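Participant: final_17.txt (compact mmCIF, C-alpha atoms) pasted underneath:
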# COMPACT_ATOMS: atom_id res chain seq x y z
CA MET A 18 -35.60 8.47 -104.18
CA SER A 19 -36.39 10.94 -106.94
CA PRO A 20 -33.77 11.82 -109.55
CA GLU A 21 -33.18 15.27 -108.08
CA GLU A 22 -31.93 13.80 -104.80
CA PHE A 23 -28.90 12.43 -106.62
CA PHE A 24 -27.75 15.83 -107.82
CA PRO A 25 -26.53 18.26 -105.17
CA PHE A 26 -26.44 20.96 -107.87
CA TRP A 27 -30.19 20.56 -108.57
CA SER A 28 -31.08 23.97 -107.17
CA GLU A 29 -28.69 25.59 -109.65
CA LEU A 30 -30.48 24.13 -112.65
CA SER A 31 -32.87 26.11 -114.78
CA PRO A 32 -36.55 25.06 -114.66
CA ARG A 33 -36.11 23.86 -118.25
CA TRP A 34 -33.28 21.52 -117.30
CA LYS A 35 -35.14 20.21 -114.27
CA GLU A 36 -38.11 19.31 -116.43
CA ARG A 37 -35.89 17.83 -119.10
CA LEU A 38 -34.12 15.52 -116.65
CA TYR A 39 -37.40 14.40 -115.09
CA ARG A 40 -38.82 13.60 -118.50
CA ALA A 41 -35.71 11.77 -119.64
CA ALA A 42 -35.23 9.67 -116.49
CA VAL A 43 -36.53 6.12 -116.81
CA PHE A 44 -37.17 4.02 -113.73
CA ARG A 45 -36.18 0.39 -114.09
CA ARG A 46 -36.03 -2.77 -112.03
CA ILE A 47 -32.93 -4.86 -112.54
CA ASP A 48 -32.97 -8.48 -111.45
CA LYS A 49 -30.04 -9.90 -109.53
CA GLY A 50 -27.48 -11.29 -111.94
CA THR A 51 -28.37 -8.99 -114.85
CA ILE A 52 -25.41 -7.49 -116.70
CA VAL A 53 -26.24 -3.81 -117.11
CA HIS A 54 -23.04 -2.75 -118.86
CA ASN A 55 -20.55 -4.86 -120.72
CA GLY A 56 -17.40 -3.14 -121.96
CA SER A 57 -17.00 0.12 -123.83
CA ALA A 58 -19.45 -0.82 -126.59
CA ASP A 59 -22.41 -0.50 -124.22
CA CYS A 60 -23.71 2.92 -123.30
CA LEU A 61 -26.96 2.54 -121.43
CA GLY A 62 -26.73 5.84 -119.58
CA LEU A 63 -26.07 7.26 -116.16
CA LEU A 64 -27.52 4.97 -113.49
CA LEU A 65 -28.86 6.52 -110.31
CA VAL A 66 -29.03 3.64 -107.85
CA ASN A 67 -32.35 3.82 -106.00
CA SER A 68 -32.03 0.48 -104.21
CA GLY A 69 -30.05 -2.74 -104.36
CA GLN A 70 -26.43 -3.30 -105.20
CA LEU A 71 -24.33 -3.20 -108.35
CA ARG A 72 -20.85 -4.58 -108.85
CA ALA A 73 -18.26 -3.26 -111.30
CA TYR A 74 -15.59 -5.72 -112.34
CA ILE A 75 -13.02 -6.43 -114.99
CA ILE A 76 -12.50 -9.74 -116.74
CA SER A 77 -9.11 -11.23 -117.46
CA PRO A 78 -8.13 -12.64 -120.85
CA GLU A 79 -8.72 -16.06 -119.28
CA GLY A 80 -12.15 -15.12 -117.96
CA ARG A 81 -11.26 -14.46 -114.32
CA GLU A 82 -13.18 -11.63 -112.69
CA ILE A 83 -12.05 -9.08 -110.18
CA THR A 84 -14.38 -6.65 -108.46
CA ILE A 85 -13.17 -3.08 -108.64
CA TYR A 86 -15.96 -1.39 -106.74
CA ARG A 87 -19.57 -1.70 -105.60
CA LEU A 88 -22.46 0.73 -105.86
CA PHE A 89 -25.29 1.04 -103.37
CA ALA A 90 -28.44 3.14 -102.99
CA ARG A 91 -27.64 6.86 -103.53
CA ASP A 92 -24.58 6.07 -105.69
CA ILE A 93 -24.25 7.10 -109.31
CA CYS A 94 -22.86 4.70 -111.88
CA LEU A 95 -20.84 6.71 -114.36
CA PHE A 96 -19.16 4.11 -116.52
CA SER A 97 -22.47 2.73 -117.77
CA ALA A 98 -22.45 6.02 -119.72
CA SER A 99 -18.79 5.92 -120.67
CA CYS A 100 -19.54 6.94 -124.28
CA MET A 101 -20.35 10.42 -123.05
CA MET A 102 -16.85 10.82 -121.64
CA GLN A 103 -13.71 11.31 -123.61
CA ASN A 104 -10.66 9.17 -123.10
CA ILE A 105 -12.24 6.28 -121.25
CA GLN A 106 -10.31 3.40 -122.72
CA PHE A 107 -11.02 0.49 -120.48
CA ASP A 108 -13.76 -2.08 -120.37
CA ILE A 109 -15.62 -2.78 -117.21
CA THR A 110 -18.64 -4.96 -116.66
CA ILE A 111 -21.41 -3.94 -114.31
CA GLU A 112 -23.92 -6.41 -112.94
CA ALA A 113 -26.71 -6.28 -110.42
CA GLU A 114 -25.34 -8.16 -107.44
CA LYS A 115 -28.72 -7.88 -105.72
CA ASP A 116 -32.12 -6.98 -107.11
CA ALA A 117 -31.93 -3.27 -107.82
CA THR A 118 -34.00 -0.32 -108.93
CA VAL A 119 -32.40 2.54 -110.82
CA TRP A 120 -33.15 5.73 -112.65
CA ILE A 121 -31.51 5.78 -116.06
CA ILE A 122 -30.53 9.12 -117.59
CA PRO A 123 -29.73 8.79 -121.32
CA PRO A 124 -26.07 9.57 -122.03
CA LYS A 125 -26.84 12.26 -124.63
CA ILE A 126 -28.96 14.23 -122.21
CA TYR A 127 -26.41 14.05 -119.42
CA LYS A 128 -23.59 14.95 -121.79
CA LYS A 129 -25.53 18.04 -122.84
CA LEU A 130 -26.12 18.92 -119.21
CA MET A 131 -22.40 18.68 -118.48
CA ASP A 132 -21.62 20.82 -121.52
CA GLU A 133 -23.98 23.55 -120.38
CA CYS A 134 -23.66 23.38 -116.61
CA ALA A 135 -20.25 23.63 -114.93
CA ALA A 136 -21.70 22.43 -111.60
CA ALA A 137 -22.85 19.19 -113.24
CA ALA A 138 -19.48 18.73 -114.96
CA ASN A 139 -17.61 19.29 -111.70
CA TYR A 140 -19.90 16.97 -109.79
CA THR A 141 -19.28 14.26 -112.38
CA ASN A 142 -15.59 14.95 -112.04
CA GLY A 143 -15.91 14.25 -108.32
CA ILE A 144 -17.63 10.92 -108.96
CA MET A 145 -14.86 9.89 -111.33
CA ALA A 146 -12.24 10.91 -108.78
CA SER A 147 -13.96 8.67 -106.20
CA ARG A 148 -13.88 5.66 -108.48
CA PHE A 149 -10.30 6.49 -109.42
CA SER A 150 -9.40 6.51 -105.73
CA GLU A 151 -11.04 3.12 -105.21
CA VAL A 152 -9.10 1.66 -108.10
CA MET A 153 -5.82 3.14 -106.85
CA TRP A 154 -6.47 1.63 -103.43
CA LEU A 155 -7.14 -1.75 -105.00
CA MET A 156 -4.04 -1.50 -107.13
CA GLU A 157 -1.90 -0.65 -104.14
CA GLN A 158 -3.26 -3.71 -102.35
CA VAL A 159 -2.41 -5.90 -105.28
CA LEU A 160 0.99 -4.38 -105.94
CA TRP A 161 2.22 -4.14 -102.40
CA ASN A 162 1.66 -7.70 -101.53
CA ARG A 163 -1.46 -7.14 -99.52
CA PHE A 164 -0.34 -4.82 -96.77
CA ASP A 165 -3.74 -5.43 -95.14
CA ARG A 166 -2.84 -9.09 -94.59
CA ARG A 167 0.50 -8.27 -93.07
CA LEU A 168 -1.00 -5.66 -90.76
CA ALA A 169 -3.80 -8.02 -89.69
CA ALA A 170 -1.22 -10.70 -88.92
CA PHE A 171 0.84 -8.20 -86.93
CA LEU A 172 -2.15 -7.08 -84.83
CA LEU A 173 -3.17 -10.67 -84.06
CA GLU A 174 0.39 -11.54 -83.05
CA GLU A 175 0.62 -8.53 -80.76
CA SER A 176 -2.71 -9.46 -79.22
CA VAL A 177 -1.43 -12.96 -78.42
CA LEU A 178 1.83 -11.57 -77.04
CA GLU A 179 0.05 -9.06 -74.81
CA GLY A 180 -2.69 -11.50 -73.85
CA SER A 181 -5.28 -8.83 -74.58
CA SER A 182 -7.44 -7.54 -77.40
CA LEU A 183 -6.54 -3.99 -76.36
CA LEU A 184 -3.18 -3.02 -77.82
CA THR A 185 -1.32 -0.03 -76.45
CA ILE A 186 0.88 0.87 -79.36
CA THR A 187 1.28 3.91 -81.58
CA HIS A 188 0.89 3.83 -85.35
CA GLU A 189 4.46 5.08 -85.57
CA LYS A 190 5.73 2.02 -83.70
CA ILE A 191 3.72 -0.36 -85.86
CA ALA A 192 5.16 1.35 -88.92
CA ASN A 193 8.67 0.84 -87.58
CA HIS A 194 7.95 -2.82 -86.88
CA MET A 195 6.67 -3.33 -90.40
CA GLY A 196 9.21 -1.26 -92.31
CA SER A 197 6.42 1.06 -93.38
CA ALA A 198 5.34 4.68 -92.89
CA ARG A 199 3.01 5.96 -90.18
CA GLU A 200 0.51 7.40 -92.69
CA VAL A 201 0.22 4.05 -94.43
CA VAL A 202 -0.47 2.26 -91.15
CA THR A 203 -2.99 4.90 -90.08
CA ARG A 204 -4.82 4.70 -93.38
CA MET A 205 -5.07 0.92 -93.20
CA LEU A 206 -6.17 0.97 -89.55
CA ARG A 207 -8.91 3.45 -90.46
CA TYR A 208 -9.99 1.07 -93.19
CA PHE A 209 -10.05 -1.80 -90.65
CA GLN A 210 -12.16 0.38 -88.38
CA LYS A 211 -14.60 1.14 -91.20
CA GLU A 212 -14.88 -2.60 -91.80
CA GLY A 213 -15.65 -3.17 -88.11
CA LEU A 214 -12.46 -5.08 -87.40
CA VAL A 215 -10.87 -2.74 -84.87
CA GLU A 216 -11.70 0.32 -82.79
CA LEU A 217 -9.19 3.12 -82.66
CA SER A 218 -8.66 5.62 -79.94
CA ARG A 219 -5.73 7.72 -78.84
CA GLY A 220 -2.74 5.43 -78.33
CA THR A 221 -4.75 2.20 -78.38
CA ILE A 222 -6.20 -0.24 -80.85
CA ARG A 223 -8.95 -2.62 -79.78
CA ILE A 224 -9.47 -5.76 -81.84
CA VAL A 225 -13.21 -6.25 -82.08
CA ASP A 226 -13.35 -8.92 -84.77
CA SER A 227 -10.33 -11.18 -84.57
CA ALA A 228 -12.01 -13.78 -86.78
CA GLY A 229 -12.35 -11.10 -89.47
CA LEU A 230 -8.68 -10.20 -89.17
CA GLU A 231 -7.72 -13.86 -89.37
CA LYS A 232 -9.76 -14.23 -92.53
CA LEU A 233 -7.61 -11.55 -94.17
CA MET B 28 4.47 26.80 -125.86
CA SER B 29 2.25 29.44 -124.36
CA PRO B 30 -0.38 28.54 -121.74
CA GLU B 31 -3.26 28.98 -124.17
CA GLU B 32 -1.99 26.18 -126.39
CA PHE B 33 -2.73 23.69 -123.61
CA PHE B 34 -6.41 24.56 -123.45
CA PRO B 35 -8.54 23.62 -126.47
CA PHE B 36 -11.37 25.64 -124.93
CA TRP B 37 -9.30 28.85 -124.95
CA SER B 38 -11.42 30.54 -127.60
CA GLU B 39 -14.50 30.08 -125.40
CA LEU B 40 -12.99 32.02 -122.52
CA SER B 41 -13.88 35.61 -121.77
CA PRO B 42 -11.12 38.21 -122.28
CA ARG B 43 -11.08 38.58 -118.49
CA TRP B 44 -10.37 34.91 -117.95
CA LYS B 45 -7.69 34.86 -120.65
CA GLU B 46 -5.89 37.72 -118.97
CA ARG B 47 -6.32 36.17 -115.56
CA LEU B 48 -4.78 32.87 -116.63
CA TYR B 49 -1.88 34.60 -118.33
CA ARG B 50 -1.17 36.65 -115.25
CA ALA B 51 -1.44 33.67 -112.91
CA ALA B 52 0.72 31.30 -114.94
CA VAL B 53 4.29 31.02 -113.68
CA PHE B 54 7.02 29.59 -115.88
CA ARG B 55 9.47 27.35 -114.10
CA ARG B 56 12.48 25.19 -114.83
CA ILE B 57 12.55 21.89 -112.99
CA ASP B 58 15.84 20.03 -112.72
CA LYS B 59 15.94 16.32 -113.39
CA GLY B 60 15.30 14.43 -110.15
CA THR B 61 13.23 17.17 -108.50
CA ILE B 62 10.10 15.95 -106.70
CA VAL B 63 7.36 18.34 -107.79
CA HIS B 64 4.51 16.70 -105.91
CA ASN B 65 4.64 14.38 -102.93
CA GLY B 66 1.35 12.92 -101.76
CA SER B 67 -1.97 14.58 -101.13
CA ALA B 68 -0.54 17.21 -98.79
CA ASP B 69 1.18 19.00 -101.67
CA CYS B 70 -0.83 21.20 -103.98
CA LEU B 71 1.50 23.11 -106.23
CA GLY B 72 -0.98 23.65 -109.03
CA LEU B 73 -1.80 22.51 -112.52
CA LEU B 74 1.40 21.81 -114.45
CA LEU B 75 1.43 22.47 -118.17
CA VAL B 76 4.44 20.56 -119.44
CA ASN B 77 6.34 22.75 -121.90
CA SER B 78 9.35 20.46 -122.29
CA GLY B 79 11.01 17.52 -120.62
CA GLN B 80 9.48 14.53 -118.90
CA LEU B 81 7.68 13.92 -115.62
CA ARG B 82 6.99 10.61 -113.95
CA ALA B 83 4.08 9.84 -111.63
CA TYR B 84 4.58 6.93 -109.28
CA ILE B 85 3.34 5.39 -106.07
CA ILE B 86 5.50 4.19 -103.23
CA SER B 87 4.89 0.96 -101.35
CA PRO B 88 4.91 0.72 -97.56
CA GLU B 89 8.38 -0.78 -97.96
CA GLY B 90 9.59 2.02 -100.18
CA ARG B 91 9.33 0.31 -103.55
CA GLU B 92 8.26 2.55 -106.42
CA ILE B 93 6.05 1.81 -109.35
CA THR B 94 5.53 4.17 -112.25
CA ILE B 95 1.89 4.72 -113.07
CA TYR B 96 2.27 7.10 -115.99
CA ARG B 97 4.58 9.59 -117.66
CA LEU B 98 3.97 13.12 -118.88
CA PHE B 99 5.64 14.75 -121.86
CA ALA B 100 5.56 18.14 -123.59
CA ARG B 101 1.92 19.23 -124.23
CA ASP B 102 0.61 17.09 -121.34
CA ILE B 103 -1.18 18.51 -118.33
CA CYS B 104 -0.40 17.25 -114.85
CA LEU B 105 -3.60 17.25 -112.87
CA PHE B 106 -2.71 15.51 -109.64
CA SER B 107 -0.16 18.16 -108.69
CA ALA B 108 -3.32 20.18 -108.07
CA SER B 109 -5.30 17.41 -106.40
CA CYS B 110 -6.51 19.73 -103.62
CA MET B 111 -8.76 21.44 -106.15
CA MET B 112 -10.57 18.19 -106.85
CA GLN B 113 -12.99 16.45 -104.55
CA ASN B 114 -12.62 12.82 -103.62
CA ILE B 115 -9.03 12.28 -104.63
CA GLN B 116 -7.88 9.99 -101.87
CA PHE B 117 -4.63 8.58 -103.05
CA ASP B 118 -1.07 9.76 -102.84
CA ILE B 119 1.12 9.90 -105.86
CA THR B 120 4.58 11.33 -106.23
CA ILE B 121 5.61 13.26 -109.31
CA GLU B 122 9.23 13.83 -110.21
CA ALA B 123 11.04 15.35 -113.14
CA GLU B 124 12.53 12.37 -114.92
CA LYS B 125 14.35 14.72 -117.31
CA ASP B 126 15.05 18.44 -117.05
CA ALA B 127 11.70 20.07 -117.66
CA THR B 128 10.04 23.43 -118.10
CA VAL B 129 6.45 23.95 -117.04
CA TRP B 130 3.78 26.56 -116.65
CA ILE B 131 2.20 26.41 -113.22
CA ILE B 132 -1.42 27.52 -112.78
CA PRO B 133 -2.31 28.02 -109.10
CA PRO B 134 -4.97 25.53 -107.94
CA LYS B 135 -7.37 28.19 -106.66
CA ILE B 136 -7.45 29.96 -110.01
CA TYR B 137 -7.99 26.77 -111.97
CA LYS B 138 -10.67 25.61 -109.54
CA LYS B 139 -12.47 28.88 -110.05
CA LEU B 140 -12.17 28.49 -113.81
CA MET B 141 -13.71 25.01 -113.62
CA ASP B 142 -16.52 26.32 -111.43
CA GLU B 143 -17.36 29.04 -113.92
CA CYS B 144 -16.62 27.37 -117.22
CA ALA B 145 -18.20 24.03 -118.14
CA ALA B 146 -15.78 23.60 -121.06
CA ALA B 147 -12.82 23.78 -118.67
CA ALA B 148 -14.48 21.35 -116.25
CA ASN B 149 -15.23 18.88 -119.02
CA TYR B 150 -11.74 19.16 -120.44
CA THR B 151 -10.32 18.43 -117.00
CA ASN B 152 -12.68 15.49 -116.77
CA GLY B 153 -11.17 14.16 -119.98
CA ILE B 154 -7.65 14.44 -118.59
CA MET B 155 -8.67 12.52 -115.49
CA ALA B 156 -10.31 9.86 -117.64
CA SER B 157 -7.03 9.46 -119.56
CA ARG B 158 -5.02 8.93 -116.39
CA PHE B 159 -7.71 6.62 -115.09
CA SER B 160 -7.43 4.57 -118.27
CA GLU B 161 -3.67 4.35 -117.90
CA VAL B 162 -4.01 3.13 -114.33
CA MET B 163 -6.64 0.57 -115.32
CA TRP B 164 -4.35 -0.71 -118.04
CA LEU B 165 -1.50 -1.03 -115.58
CA MET B 166 -3.71 -2.77 -113.06
CA GLU B 167 -4.90 -5.25 -115.65
CA GLN B 168 -1.31 -6.04 -116.50
CA VAL B 169 -0.49 -6.66 -112.88
CA LEU B 170 -3.64 -8.63 -112.13
CA TRP B 171 -3.77 -10.77 -115.20
CA ASN B 172 -0.35 -12.19 -114.82
CA ARG B 173 1.26 -10.05 -117.45
CA PHE B 174 -0.61 -10.88 -120.60
CA ASP B 175 2.04 -8.89 -122.48
CA ARG B 176 4.67 -11.45 -121.51
CA ARG B 177 2.54 -14.35 -122.60
CA LEU B 178 1.74 -12.71 -125.93
CA ALA B 179 5.40 -11.82 -126.54
CA ALA B 180 6.36 -15.44 -125.82
CA PHE B 181 3.66 -16.66 -128.19
CA LEU B 182 4.81 -14.39 -131.05
CA LEU B 183 8.44 -15.43 -130.63
CA GLU B 184 7.48 -19.10 -130.61
CA GLU B 185 5.40 -18.69 -133.75
CA SER B 186 8.28 -16.88 -135.41
CA VAL B 187 10.62 -19.78 -134.66
CA LEU B 188 8.03 -22.30 -135.84
CA GLU B 189 7.43 -20.45 -139.10
CA GLY B 190 11.10 -19.61 -139.59
CA SER B 191 10.14 -16.00 -140.35
CA SER B 192 9.62 -12.70 -138.59
CA LEU B 193 6.48 -12.19 -140.67
CA LEU B 194 3.58 -14.05 -139.12
CA THR B 195 0.44 -14.68 -141.11
CA ILE B 196 -2.12 -15.12 -138.39
CA THR B 197 -5.28 -13.33 -137.37
CA HIS B 198 -5.83 -11.79 -133.95
CA GLU B 199 -8.81 -14.12 -133.58
CA LYS B 200 -6.58 -17.16 -134.00
CA ILE B 201 -4.04 -15.88 -131.51
CA ALA B 202 -6.88 -15.27 -129.06
CA ASN B 203 -8.04 -18.86 -129.49
CA HIS B 204 -4.53 -20.14 -128.96
CA MET B 205 -4.19 -18.14 -125.77
CA GLY B 206 -7.64 -18.68 -124.34
CA SER B 207 -8.26 -14.97 -124.66
CA ALA B 208 -10.55 -12.60 -126.58
CA ARG B 209 -9.77 -10.99 -129.94
CA GLU B 210 -10.14 -7.45 -128.58
CA VAL B 211 -7.64 -8.16 -125.82
CA VAL B 212 -5.09 -9.46 -128.32
CA THR B 213 -5.67 -6.54 -130.69
CA ARG B 214 -5.25 -4.01 -127.92
CA MET B 215 -2.01 -5.58 -126.75
CA LEU B 216 -0.66 -5.86 -130.32
CA ARG B 217 -1.40 -2.15 -130.85
CA TYR B 218 0.50 -1.44 -127.67
CA PHE B 219 3.43 -3.53 -128.97
CA GLN B 220 3.28 -1.54 -132.22
CA LYS B 221 3.34 1.75 -130.32
CA GLU B 222 6.41 0.51 -128.47
CA GLY B 223 8.10 -0.35 -131.79
CA LEU B 224 8.11 -4.11 -131.18
CA VAL B 225 5.91 -5.21 -134.07
CA GLU B 226 4.32 -3.83 -137.24
CA LEU B 227 0.72 -4.69 -137.91
CA SER B 228 -1.00 -4.91 -141.22
CA ARG B 229 -4.04 -6.73 -142.49
CA GLY B 230 -3.68 -10.40 -141.57
CA THR B 231 0.01 -10.18 -140.72
CA ILE B 232 2.27 -9.27 -137.85
CA ARG B 233 5.91 -8.43 -138.45
CA ILE B 234 8.29 -8.74 -135.53
CA VAL B 235 10.64 -5.77 -135.77
CA ASP B 236 12.30 -5.97 -132.36
CA SER B 237 12.57 -9.56 -131.21
CA ALA B 238 15.12 -8.61 -128.54
CA GLY B 239 12.52 -6.23 -127.11
CA LEU B 240 9.89 -8.95 -127.05
CA GLU B 241 12.32 -11.32 -125.40
CA LYS B 242 13.00 -8.74 -122.73
CA LEU B 243 9.32 -8.77 -121.81
Since I need it in another form, could you write the structure as structure tokens?
Facilitator:
Amino acid sequence: MSPEEFFPFWSELSPRWKERLYRAAVFRRIDKGTIVHNGSADCLGLLLVNSGQLRAYIISPEGREITIYRLFARDICLFSASCMMQNIQFDITIEAEKDATVWIIPPKIYKKLMDECAAAANYTNGIMASRFSEVMWLMEQVLWNRFDRRLAAFLLEESVLEGSSLLTITHEKIANHMGSAREVVTRMLRYFQKEGLVELSRGTIRIVDSAGLEKL
Amino acid sequence: MSPEEFFPFWSELSPRWKERLYRAAVFRRIDKGTIVHNGSADCLGLLLVNSGQLRAYIISPEGREITIYRLFARDICLFSASCMMQNIQFDITIEAEKDATVWIIPPKIYKKLMDECAAAANYTNGIMASRFSEVMWLMEQVLWNRFDRRLAAFLLEESVLEGSSLLTITHEKIANHMGSAREVVTRMLRYFQKEGLVELSRGTIRIVDSAGLEKL
């Protein structure tokens, strides 16, 4: 992928900015296991992930790690350029979880681009909102006693009771069973579907990976 | 406060935009206990907090609440206008925790401002980064088994051992005692200071509210 493919606002840029970004972008291979960003002191730049896989995680005072999100080809890693953003006051570590190739845009250049180009600033805003949403999801999982586990257990139980992997039950009913709200159940079921654990259709839920649900 | 005082980029706006914002802004009283935003379906607008106090929280599937941050006079509430931002995929509820007065900027107008004005987009980015940082802090507390509690317990113990509320100990040493890192200890001590629990000065920590620490 070329750098321009990462920026949907590319066509709005002036020829001068296009050239500037192309000149500034550095292509780099990152070996699996390499730490590319380590806390707020580091400020390597914006990483455009061309291939491979990066993992962002936080480290506890005792040295435990927890993954907060992953980045794949086509993703943009923002927090490796956290110095260019105001008010970022947390430390995350980013490592290459698989061999990766990236384009690196120096933070100063990208900051200047955001200052001059509203489309770039708003696009960056959208990336931050995505990461924010991932972190909120994770926090909800942690805080609410792993609703995913409870729902997985419920579906497996129902499946045993009905003697079938095809459950005829509404989200509303599941919510009532679990003392929850329909939207919460729907959101989690959609997540299960994305993970290939179930298939949803009107009024039914088919368990396609009961081993996966059990693992939860 | 007038709307312009909330926007440090005000002087960069065109006269047309200044007028537009003034015309669009609606002043409103919000009684204590009022829910001003309830999940992603709501999109009241940007709230400029003139007085009072708002609370943002999430609700568990079982109906438990947890506060994720608070907003005071001079703060801007962004997520009450979450429809204007891409990729926000979480539901928060915002209520007036005390009687409040706010300016409301309709989401469409503010979205248009961000699209046209990079300074506004970047400022909004900074607000999101602040909230993001608050949520990360909260998540770390939850995940890491409440480091605040452990540190409070440590300080109280030391105080008993030394027979004094003035502890002569470096952050580095505390970190070693607790199997943690100096930065983590420093950050938490600064938080304690902000909360009026301790007073920090070079090489010493004075416990000013031992009851508060015990409560932790």
Participant: Could you list, as a PyMOL selection string, every residue of chain A that has an atom within 8 Å of an atom of chain B, counting only C-alpha atoms?
Facilitator: chain A and resi 77-80+102-107+131-136+138-139+142-147+149-150+152-154+156-157+159-161+164+196-198+201
Participant: One number please: atom CA of Lys125 of chain A to atom CA of Phe23 of chain A, in Å, one decimal.
Facilitator: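 Rounded to one decimal, the two atoms are 18.1 Å apart.
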Participant: One decimal, in Å: what's the spacing between atom CA of Phe181 of chain B and atom CA of Gly56 of chain A?
Facilitator: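 Here the two named atoms are 25.8 Å from each other.
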Participant: Can you list, as a count of residues only, every protein, DNA or RNA residue that comes within 9 Å of Asp58 of chain B when you count all atoms listed in the file, leaving out same-chain residues fewer than 2 positions away?
Facilitator: 9
Participant: Around all of segment 63-75 of chain B's listed atoms, make the axis-aligned box with 4 Å on each side and tell me centre and edge lengths in Å to one decimal, as JSON.
Facilitator:
{"center_x": 2.7, "center_y": 18.3, "center_z": -108.5, "size_x": 17.3, "size_y": 18.7, "size_z": 27.4}
Participant: Atom CA of Leu61 of chain A and atom CA of Ala41 of chain A are how many Å apart?
Facilitator: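 That distance, rounded to one decimal, is 12.8 Å.
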Participant: With distances taken over all atoms listed in the file, which of B:Val63, B:Ala52, B:Ile121, B:Val129 is nearest to Leu75 of chain B?
Facilitator: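 Distance minimum relative to Leu75 of chain B lands on B:Val129.
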